[in-house]
Amino acid sequence: MARVFSNLTKGDIRNTTYAIARVTTSDGRSQIWMASAGKGGRVRPVLRNAAGADEVINNLHRSNKNHLNDAERKLMREARKRGTKIESMAASRPMCGRCQKGAKRMGILRRVITAFKNKDFYGTTRFIK
């Protein structure tokens with residue numbers, strides 16, 4: 001993820017989240033997948049190359065509800081669809097609570113390399129890991 005960070009523009013940092021995952025496919029191959037948040041799902045070639053991504057995932061959820069098209073959710077949804085195992089996952093921003101719940105349901109929460117976003121009793125966002 002460090003190579004991806006070094007290639008992010010100020011606009012990338014401000015406007016979207018990128019996630020990468022090392023996966024093992026159902027036939028045993030190791031691959032790197034990458035996704036960006038939102039409906040556009042665009043990943044610039046320089047970021048894809050920096051991540052060494054074999055594939056860019058952009059499987060949009062039909063709903064317009066917030067967080068369903070987060071980069072991490074796209075990777076988890078695709079892994080479930082293909083019967084692929086996520087070995088590790090990282091993102092350019094701390095993981096939100098909804099993505100944390102999805103990772104926990106998939107049994108991969110301990111394989112997430114990204115900090116978690118958590119709101120304390122007073123509503124203050126804190127970053128935990």
# chains A, B, ... in the order shown; residues from 1 in each chain; ligands from 1
$ closest_atom_pairs --of "range 1-38 of chain A" --to "range 91-108 of chain A" --cutoff "12 Å" --atoms "only C-alpha atoms" --output "Markdown table"
| residue | atom | partner | partner_atom | distance |
| --- | --- | --- | --- | --- |
| A:Met1 | CA | A:Ala91 | CA | 7.4 |
| A:Ala2 | CA | A:Ser92 | CA | 9.2 |
| A:Arg3 | CA | A:Ser92 | CA | 11.0 |
| A:Val4 | CA | A:Ser92 | CA | 8.3 |
| A:Phe5 | CA | A:Ser92 | CA | 7.0 |
| A:Ser6 | CA | A:Ser92 | CA | 10.8 |
| A:Asn7 | CA | A:Ser92 | CA | 11.3 |
| A:Leu8 | CA | A:Ser92 | CA | 9.2 |
| A:Thr9 | CA | A:Ser92 | CA | 11.9 |
| A:Asp12 | CA | A:Ser92 | CA | 9.4 |
| A:Ile13 | CA | A:Ser92 | CA | 7.8 |
| A:Arg14 | CA | A:Arg93 | CA | 10.0 |
| A:Asn15 | CA | A:Arg93 | CA | 10.7 |
| A:Thr16 | CA | A:Ser92 | CA | 8.5 |
| A:Thr17 | CA | A:Ser92 | CA | 5.6 |
| A:Tyr18 | CA | A:Ser92 | CA | 5.4 |
| A:Ala19 | CA | A:Ala91 | CA | 4.1 |
| A:Ile20 | CA | A:Ala91 | CA | 6.4 |
| A:Ala21 | CA | A:Ala91 | CA | 8.8 |
| A:Arg22 | CA | A:Ile108 | CA | 11.8 |
| A:Val23 | CA | A:Ile108 | CA | 11.4 |
| A:Trp33 | CA | A:Ala91 | CA | 11.7 |
| A:Met34 | CA | A:Ala91 | CA | 9.5 |
| A:Ala35 | CA | A:Ala91 | CA | 9.3 |
| A:Ser36 | CA | A:Ala91 | CA | 9.3 |
| A:Ala37 | CA | A:Ala91 | CA | 10.3 |
$ closest_atom_pairs --of "range 12-66 of chain A" --to "range 80-84 of chain A" --cutoff "8 Å" --atoms "only C-alpha atoms" --output "JSON lines"
{"residue": "A:Val23", "atom": "CA", "partner": "A:Thr84", "partner_atom": "CA", "distance": 6.5}
{"residue": "A:Thr24", "atom": "CA", "partner": "A:Thr84", "partner_atom": "CA", "distance": 5.8}
{"residue": "A:Thr25", "atom": "CA", "partner": "A:Thr84", "partner_atom": "CA", "distance": 4.6}
{"residue": "A:Ser26", "atom": "CA", "partner": "A:Thr84", "partner_atom": "CA", "distance": 5.5}
$ closest_residue --among "A:Arg110, A:Arg73, A:Arg29, A:Arg44" --to "His61 in chain A" --atoms "only C-alpha atoms"
A:Arg73
$ select_by_dssp --residues "chain A" --states "strand (DSSP E or B)" --output "ChimeraX atom specification"
/A:18-24,30-36,55-56,85-91,95,112,116-119,125-128
$ atom_distance --atom1 "CA of Ala115 in chain A" --atom2 "CA of Arg62 in chain A"
27.8 Å
$ select_by_dssp --residues "chain A" --states "alpha helix (DSSP H)" --output "count of residues only"
39
